[in-house]
Amino acid sequence: MSARANQIALDAANDVGTQYYWASFMNAGAMYDWATGGLALNLVGQSEDHAICCFEYPMLLAARRGYLSQDDARKIIGALMDSGFSAESFETTWTKVWNDWPDYPFSATYWRPRRGDLVFYRSNTGIGGDTNHVVLSLGPDNADNIEVVSFGEGLQNPAQAAVTRSTVNTLRQQGHSAVKYVAPPWY
């Protein structure tokens with residue numbers, strides 16, 4: 001785990017309970033507005049007009065720390081849109097996306113999300129594909145569950161929502177068929 005991964009995970013854990021405005025990825029876009037110079041970073045997620053989605057939340061944390069530049073944010077969002085919102089698109093943008101529960105073969109290094117990894121959920125309904133929901137891993141707790149920080153899980157309509165803390169398996173049981181994870185490029 002890098003120092004940056006640890007810092008983002010600490011920032012996310014400290015942000016639990018904080019309210020931001022959520023909208024689906026196709027209706028959010030505040031991070032893209034910031035990335036193109038049209039919005040100050042401190043306004044991202046702070047109003048209905050500047051809503052963020054679950055995927056943009058970890059990007060916001062990285063940008064606040066100076067780990068994600070506007071140019072890199074534009075590239076990430078562009079690659080995601082060009083791929084049709086498939087987690088596989090991150091194989092070319094970032095490091096390889098690994099499959100996890102239940103299909104990923106055990107490896108002493110990468111059998112579960114590490115602290116700071118992004119975790120992608122596939123929906124049982126097909127809505128959103130591999131990027132139906134994206135969370136930030138906090139790594140294992142004392143019982144060896146992988147804790148995550150989540151924003152906007154289960155929302156369908158734009159709303160103000162709190163950042164929450166859960167586990168990979170708890171969220172998976174809420175209508176998700178598969179989990180993938182990746183180390184984001186800002187580490």
# chains A, B, ... in the order shown; residues from 1 in each chain; ligands from 1
$ residues_around --residues "Leu118 (chain A)" --least-positions-apart "6" --cutoff "10 Å" --atoms "only C-alpha atoms" --output "VMD selection string"
chain A and resid 55 58 97 134 to 138 148 to 149 180 to 184
$ residues_around --residues "Arg74 (chain A)" --least-positions-apart "2" --cutoff "8 Å" --atoms "only C-alpha atoms" --output "PyMOL selection string"
chain A and resi 32+35-36+70-72+76-78
$ write_last_selection --atoms "N, CA, C and O atoms" --output "PDB file, in the first residue's frame"
ATOM      1  N   TYR A  32     -16.114  16.326 -14.103  1.00  0.00           N
ATOM      2  CA  TYR A  32     -15.713  16.691 -15.467  1.00  0.00           C
ATOM      3  C   TYR A  32     -15.697  18.209 -15.615  1.00  0.00           C
ATOM      4  O   TYR A  32     -14.801  18.773 -16.241  1.00  0.00           O
ATOM      5  N   ALA A  35     -12.582  19.258 -14.147  1.00  0.00           N
ATOM      6  CA  ALA A  35     -11.458  18.839 -14.984  1.00  0.00           C
ATOM      7  C   ALA A  35     -11.283  19.719 -16.216  1.00  0.00           C
ATOM      8  O   ALA A  35     -10.175  19.892 -16.709  1.00  0.00           O
ATOM      9  N   THR A  36     -12.361  20.301 -16.687  1.00  0.00           N
ATOM     10  CA  THR A  36     -12.280  21.162 -17.873  1.00  0.00           C
ATOM     11  C   THR A  36     -12.164  22.637 -17.505  1.00  0.00           C
ATOM     12  O   THR A  36     -12.198  23.499 -18.371  1.00  0.00           O
ATOM     13  N   GLN A  70      -6.372  17.833 -13.233  1.00  0.00           N
ATOM     14  CA  GLN A  70      -7.522  18.042 -14.105  1.00  0.00           C
ATOM     15  C   GLN A  70      -7.359  17.256 -15.403  1.00  0.00           C
ATOM     16  O   GLN A  70      -8.304  16.641 -15.886  1.00  0.00           O
ATOM     17  N   ASP A  71      -6.151  17.236 -15.956  1.00  0.00           N
ATOM     18  CA  ASP A  71      -5.897  16.508 -17.192  1.00  0.00           C
ATOM     19  C   ASP A  71      -6.127  15.008 -17.002  1.00  0.00           C
ATOM     20  O   ASP A  71      -6.771  14.364 -17.843  1.00  0.00           O
ATOM     21  N   ASP A  72      -5.629  14.444 -15.912  1.00  0.00           N
ATOM     22  CA  ASP A  72      -5.828  13.024 -15.655  1.00  0.00           C
ATOM     23  C   ASP A  72      -7.304  12.700 -15.417  1.00  0.00           C
ATOM     24  O   ASP A  72      -7.791  11.651 -15.844  1.00  0.00           O
ATOM     25  N   ILE A  76      -9.522   9.928 -17.523  1.00  0.00           N
ATOM     26  CA  ILE A  76     -10.244   8.837 -16.871  1.00  0.00           C
ATOM     27  C   ILE A  76     -11.718   8.861 -17.267  1.00  0.00           C
ATOM     28  O   ILE A  76     -12.290   7.836 -17.660  1.00  0.00           O
ATOM     29  N   ILE A  77     -12.345  10.012 -17.158  1.00  0.00           N
ATOM     30  CA  ILE A  77     -13.773  10.121 -17.479  1.00  0.00           C
ATOM     31  C   ILE A  77     -13.996   9.838 -18.961  1.00  0.00           C
ATOM     32  O   ILE A  77     -14.943   9.135 -19.340  1.00  0.00           O
ATOM     33  N   GLY A  78     -13.126  10.333 -19.819  1.00  0.00           N
ATOM     34  CA  GLY A  78     -13.251  10.079 -21.250  1.00  0.00           C
ATOM     35  C   GLY A  78     -13.128   8.599 -21.583  1.00  0.00           C
ATOM     36  O   GLY A  78     -13.906   8.062 -22.375  1.00  0.00           O
TER      37      GLY A  78
END
$ closest_residue --among "A:Leu155, A:Pro185, A:Arg64, A:Met26" --to "Val44 (chain A)" --atoms "only C-alpha atoms"
A:Arg64
$ residues_around --residues "Asp11 (chain A)" --least-positions-apart "4" --cutoff "8 Å" --atoms "only C-alpha atoms" --output "list in words"
Gln7, Asp15 and Leu61 of chain A
$ write_last_selection --atoms "all heavy atoms" --output "PDB file, in the first residue's frame"
ATOM      1  N   GLN A   7      -3.605   7.604   2.639  1.00  0.00           N
ATOM      2  CA  GLN A   7      -4.165   8.923   2.915  1.00  0.00           C
ATOM      3  C   GLN A   7      -5.583   9.061   2.368  1.00  0.00           C
ATOM      4  O   GLN A   7      -6.468   9.582   3.037  1.00  0.00           O
ATOM      5  CB  GLN A   7      -3.283  10.028   2.329  1.00  0.00           C
ATOM      6  CG  GLN A   7      -3.731  11.417   2.744  1.00  0.00           C
ATOM      7  CD  GLN A   7      -3.731  11.602   4.256  1.00  0.00           C
ATOM      8  OE1 GLN A   7      -2.696  11.508   4.886  1.00  0.00           O
ATOM      9  NE2 GLN A   7      -4.888  11.854   4.837  1.00  0.00           N
ATOM     10  N   ASP A  15     -14.705  10.970   6.164  1.00  0.00           N
ATOM     11  CA  ASP A  15     -15.801  11.618   5.448  1.00  0.00           C
ATOM     12  C   ASP A  15     -17.145  10.909   5.662  1.00  0.00           C
ATOM     13  O   ASP A  15     -18.176  11.396   5.216  1.00  0.00           O
ATOM     14  CB  ASP A  15     -15.460  11.653   3.948  1.00  0.00           C
ATOM     15  CG  ASP A  15     -15.915  12.914   3.247  1.00  0.00           C
ATOM     16  OD1 ASP A  15     -16.201  13.922   3.935  1.00  0.00           O
ATOM     17  OD2 ASP A  15     -15.988  12.896   2.005  1.00  0.00           O
ATOM     18  N   LEU A  61     -11.808  12.939  -3.733  1.00  0.00           N
ATOM     19  CA  LEU A  61     -10.848  12.817  -2.637  1.00  0.00           C
ATOM     20  C   LEU A  61      -9.411  12.947  -3.150  1.00  0.00           C
ATOM     21  O   LEU A  61      -8.590  13.634  -2.536  1.00  0.00           O
ATOM     22  CB  LEU A  61     -11.025  11.475  -1.918  1.00  0.00           C
ATOM     23  CG  LEU A  61     -12.348  11.259  -1.187  1.00  0.00           C
ATOM     24  CD1 LEU A  61     -12.414   9.838  -0.631  1.00  0.00           C
ATOM     25  CD2 LEU A  61     -12.561  12.283  -0.086  1.00  0.00           C
TER      26      LEU A  61
END
$ closest_residue --among "A:Ala143, A:Leu171, A:Ile8, A:Ala162" --to "Ala62 (chain A)" --atoms "only C-alpha atoms"
A:Ile8
$ closest_residue --among "A:Met81, A:Leu41, A:Ile146, A:Ile52" --to "Arg115 (chain A)" --atoms "only C-alpha atoms"
A:Ile146
$ atom_distance --atom1 "CA of Ser47 (chain A)" --atom2 "CA of Ala161 (chain A)"
11.3 Å
$ closest_residue --among "A:Asn132, A:Thr167, A:Gln46, A:Asn27" --to "Ser150 (chain A)" --atoms "only C-alpha atoms"
A:Thr167
$ residues_around --residues "Gln156 (chain A)" --least-positions-apart "4" --cutoff "10 Å" --atoms "only C-alpha atoms" --output "list of chain:residue names"
A:Trp22, A:Ala23, A:Ser24, A:Gly152
$ atom_distance --atom1 "CA of Ala51 (chain A)" --atom2 "CA of Ala28 (chain A)"
5.1 Å
$ closest_residue --among "A:Gly45, A:Lys75, A:Trp186, A:Arg112" --to "Ala63 (chain A)" --atoms "only C-alpha atoms"
A:Trp186
$ residues_around --residues "Tyr187 (chain A)" --least-positions-apart "4" --cutoff "7 Å" --atoms "only C-alpha atoms" --output "list of chain:residue names"
A:Ser2, A:Arg4, A:Ala5
$ write_last_selection --atoms "all heavy atoms" --output "mmCIF file, in the first residue's frame"
data_model
loop_
_atom_site.group_PDB
_atom_site.id
_atom_site.type_symbol
_atom_site.label_atom_id
_atom_site.label_comp_id
_atom_site.auth_asym_id
_atom_site.auth_seq_id
_atom_site.Cartn_x
_atom_site.Cartn_y
_atom_site.Cartn_z
ATOM 1 N N SER A 2 0.526 2.167 -0.842
ATOM 2 C CA SER A 2 1.291 3.407 -0.906
ATOM 3 C C SER A 2 0.805 4.401 0.146
ATOM 4 O O SER A 2 -0.285 4.266 0.704
ATOM 5 C CB SER A 2 1.140 4.033 -2.302
ATOM 6 O OG SER A 2 -0.151 4.598 -2.451
ATOM 7 N N ARG A 4 -0.078 7.361 -0.532
ATOM 8 C CA ARG A 4 -1.252 8.030 -1.110
ATOM 9 C C ARG A 4 -2.517 7.201 -0.901
ATOM 10 O O ARG A 4 -3.570 7.743 -0.574
ATOM 11 C CB ARG A 4 -1.034 8.278 -2.594
ATOM 12 C CG ARG A 4 -0.068 9.388 -2.886
ATOM 13 C CD ARG A 4 0.060 9.596 -4.367
ATOM 14 N NE ARG A 4 0.846 10.774 -4.654
ATOM 15 C CZ ARG A 4 0.886 11.357 -5.844
ATOM 16 N NH1 ARG A 4 0.206 10.859 -6.852
ATOM 17 N NH2 ARG A 4 1.628 12.436 -6.026
ATOM 18 N N ALA A 5 -2.417 5.890 -1.122
ATOM 19 C CA ALA A 5 -3.571 5.010 -0.924
ATOM 20 C C ALA A 5 -4.057 5.099 0.518
ATOM 21 O O ALA A 5 -5.259 5.190 0.780
ATOM 22 C CB ALA A 5 -3.208 3.571 -1.288
#
$ atom_distance --atom1 "CA of Leu80 (chain A)" --atom2 "CA of Met59 (chain A)"
13.2 Å
